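Below is one structure, written out as C-alpha cells, with a few remarks after it.
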Amino acid sequence: MKYLEDVLLAPVISEKSYDRISESNSYTFFVDPKTDKPQIKKAVEQMFGVSVLRVNTMYRKGKKKRFGYIYGQQSTKKIAIVTLPEGETIEAFGV
C-alpha cells in the first residue's frame, strides 16, 4: 500500500473540472499512473473525510512539443474523476 500523498498528486484546475463539480459533484485529480480505482477511492475517503460513489480513470497522452530544434514529448498523465454523493464537498477546491 502506498502513502495517501503518493496516490493523489494534484487537483486538476480547469473550467471543465469546475463544470463537473457544479453539474455532477465530481472532482478531478492527477493520480499516480500505477494506482488502481480502489486505492484512489480509499485515498480520497481518508484524506478528505467524504464517501465516494464512483471513480473513473483515464490517461491524457502527452503532447508532442518542439524545444528549440529538438522535438520532444510531454509526459502522459493519469486522471481520476471522483464522484461524491449529493451534499458532500471537498473544501480544497474552494467551490
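Starting from 1 in every chain, residues are counted up; chains themselves are A, B, ... following the order of the C-alpha cells, and ligands are numbered from 1 as listed.
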**Request:** Just list the residues in chain A DSSP gives alpha helix (DSSP H) on the backbone, as an MDAnalysis selection string.
**Result:** chainID A and resid 4:7 15:24 37:48
Expected file: the selected residues, N, CA and C atoms, as a short mmCIF file (atom, residue, chain, number, x, y, z; two decimals), in the first residue's frame:
```cif
data_model
loop_
_atom_site.label_atom_id
_atom_site.label_comp_id
_atom_site.auth_asym_id
_atom_site.auth_seq_id
_atom_site.Cartn_x
_atom_site.Cartn_y
_atom_site.Cartn_z
N LEU A 4 -0.93 7.86 1.23
CA LEU A 4 -2.04 8.58 0.60
C LEU A 4 -1.55 9.75 -0.25
N GLU A 5 -0.48 10.38 0.18
CA GLU A 5 0.05 11.53 -0.55
C GLU A 5 0.67 11.11 -1.88
N ASP A 6 1.05 9.85 -2.00
CA ASP A 6 1.63 9.36 -3.25
C ASP A 6 0.57 8.98 -4.27
N VAL A 7 -0.66 8.76 -3.84
CA VAL A 7 -1.73 8.36 -4.76
C VAL A 7 -2.28 9.59 -5.48
N GLU A 15 -11.61 24.91 -16.35
CA GLU A 15 -13.03 25.24 -16.47
C GLU A 15 -13.86 23.97 -16.53
N LYS A 16 -13.39 22.99 -17.26
CA LYS A 16 -14.13 21.74 -17.40
C LYS A 16 -14.26 21.01 -16.07
N SER A 17 -13.21 21.01 -15.27
CA SER A 17 -13.29 20.33 -13.97
C SER A 17 -14.24 21.06 -13.02
N TYR A 18 -14.28 22.38 -13.07
CA TYR A 18 -15.21 23.12 -12.23
C TYR A 18 -16.65 22.96 -12.72
N ASP A 19 -16.86 22.78 -14.01
CA ASP A 19 -18.20 22.47 -14.52
C ASP A 19 -18.67 21.12 -14.02
N ARG A 20 -17.75 20.14 -13.96
CA ARG A 20 -18.11 18.82 -13.43
C ARG A 20 -18.52 18.90 -11.97
N ILE A 21 -17.86 19.78 -11.20
CA ILE A 21 -18.20 19.92 -9.79
C ILE A 21 -19.62 20.44 -9.65
N SER A 22 -19.97 21.47 -10.41
CA SER A 22 -21.29 22.07 -10.27
C SER A 22 -22.39 21.20 -10.85
N GLU A 23 -22.11 20.43 -11.91
CA GLU A 23 -23.16 19.64 -12.56
C GLU A 23 -23.37 18.28 -11.89
N SER A 24 -22.30 17.55 -11.63
CA SER A 24 -22.46 16.17 -11.15
C SER A 24 -21.73 15.87 -9.86
N LYS A 37 -8.32 1.87 -9.03
CA LYS A 37 -9.51 2.57 -8.54
C LYS A 37 -9.77 2.39 -7.04
N PRO A 38 -9.63 1.18 -6.47
CA PRO A 38 -9.84 1.05 -5.03
C PRO A 38 -8.84 1.88 -4.20
N GLN A 39 -7.59 1.97 -4.65
CA GLN A 39 -6.61 2.79 -3.93
C GLN A 39 -6.99 4.27 -4.01
N ILE A 40 -7.46 4.72 -5.16
CA ILE A 40 -7.86 6.12 -5.31
C ILE A 40 -9.06 6.42 -4.41
N LYS A 41 -10.03 5.52 -4.41
CA LYS A 41 -11.22 5.70 -3.57
C LYS A 41 -10.84 5.79 -2.09
N LYS A 42 -9.98 4.88 -1.65
CA LYS A 42 -9.57 4.87 -0.24
C LYS A 42 -8.80 6.14 0.12
N ALA A 43 -7.94 6.62 -0.79
CA ALA A 43 -7.17 7.83 -0.52
C ALA A 43 -8.06 9.05 -0.39
N VAL A 44 -9.05 9.19 -1.27
CA VAL A 44 -9.95 10.35 -1.21
C VAL A 44 -10.80 10.29 0.05
N GLU A 45 -11.31 9.12 0.39
CA GLU A 45 -12.13 8.99 1.59
C GLU A 45 -11.36 9.31 2.85
N GLN A 46 -10.11 8.88 2.94
CA GLN A 46 -9.34 9.12 4.15
C GLN A 46 -8.77 10.54 4.22
N MET A 47 -8.37 11.10 3.09
CA MET A 47 -7.76 12.44 3.12
C MET A 47 -8.79 13.54 3.33
N PHE A 48 -9.97 13.40 2.73
CA PHE A 48 -10.95 14.48 2.77
C PHE A 48 -12.16 14.16 3.64
#
```
**Asked** Which polymer residues have any atom within 8 Å of an atom of range 73-88 of chain A, counting only C-alpha atoms, with same-chain residues fewer than 5 positions away left out, as a list of chain:residue names?
**Response**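 The contact residues come out as A:Ser24, A:Asn25, A:Ser26, A:Tyr27, A:Thr28, A:Phe29, A:Phe30, A:Val31, A:Asp32, A:Pro33, A:Ile40, A:Lys41, A:Val50, A:Ser51, A:Val52, A:Leu53, A:Arg54, A:Val55, A:Asn56, A:Thr57, A:Met58, A:Tyr59, A:Arg60, A:Lys61, A:Gly62, A:Lys63, A:Lys64, A:Lys65.
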**Request:** Determine which residues of chain A DSSP labels as strand (DSSP E or B) from the backbone of this structure, then write them out as an NGL selection string.
**Result:** :A and (8-11 or 26-31 or 54-60 or 64-67 or 70-73 or 77-83)
Keeping only C-alpha atoms, write the selected residues to a file as a PDB file, in the first residue's frame.
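out-v8.pdb, freshly written:
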```
ATOM      1  CA  LEU A   8      -3.273  11.803  -5.319  1.00  0.00           C
ATOM      2  CA  LEU A   9      -0.695  14.088  -6.916  1.00  0.00           C
ATOM      3  CA  ALA A  10      -2.674  17.295  -7.540  1.00  0.00           C
ATOM      4  CA  PRO A  11      -6.182  18.565  -8.257  1.00  0.00           C
ATOM      5  CA  SER A  26     -17.401  15.102  -9.493  1.00  0.00           C
ATOM      6  CA  TYR A  27     -13.849  16.131  -8.607  1.00  0.00           C
ATOM      7  CA  THR A  28     -10.819  15.649 -10.852  1.00  0.00           C
ATOM      8  CA  PHE A  29      -7.291  14.726  -9.699  1.00  0.00           C
ATOM      9  CA  PHE A  30      -3.949  13.850 -11.254  1.00  0.00           C
ATOM     10  CA  VAL A  31      -3.006  10.462  -9.807  1.00  0.00           C
ATOM     11  CA  ARG A  54     -17.690   6.163  -8.211  1.00  0.00           C
ATOM     12  CA  VAL A  55     -14.153   6.517  -9.564  1.00  0.00           C
ATOM     13  CA  ASN A  56     -13.427   6.837 -13.286  1.00  0.00           C
ATOM     14  CA  THR A  57      -9.876   6.940 -14.626  1.00  0.00           C
ATOM     15  CA  MET A  58      -8.313   7.906 -17.942  1.00  0.00           C
ATOM     16  CA  TYR A  59      -4.928   8.695 -19.430  1.00  0.00           C
ATOM     17  CA  ARG A  60      -4.130  12.044 -21.011  1.00  0.00           C
ATOM     18  CA  LYS A  64       4.478  16.433 -28.916  1.00  0.00           C
ATOM     19  CA  LYS A  65       6.326  19.723 -28.451  1.00  0.00           C
ATOM     20  CA  ARG A  66       9.272  21.427 -30.006  1.00  0.00           C
ATOM     21  CA  PHE A  67      12.021  22.602 -27.671  1.00  0.00           C
ATOM     22  CA  ILE A  70      14.684  19.303 -30.747  1.00  0.00           C
ATOM     23  CA  TYR A  71      11.310  17.575 -30.833  1.00  0.00           C
ATOM     24  CA  GLY A  72      10.152  16.076 -27.565  1.00  0.00           C
ATOM     25  CA  GLN A  73       7.045  14.887 -25.827  1.00  0.00           C
ATOM     26  CA  LYS A  77      -0.691  11.684 -17.064  1.00  0.00           C
ATOM     27  CA  LYS A  78      -3.380   9.610 -15.392  1.00  0.00           C
ATOM     28  CA  ILE A  79      -6.527  11.468 -14.337  1.00  0.00           C
ATOM     29  CA  ALA A  80      -9.180  10.269 -11.870  1.00  0.00           C
ATOM     30  CA  ILE A  81     -12.721  11.657 -11.752  1.00  0.00           C
ATOM     31  CA  VAL A  82     -14.214  11.011  -8.308  1.00  0.00           C
ATOM     32  CA  THR A  83     -17.997  11.316  -7.880  1.00  0.00           C
TER      33      THR A  83
END
```
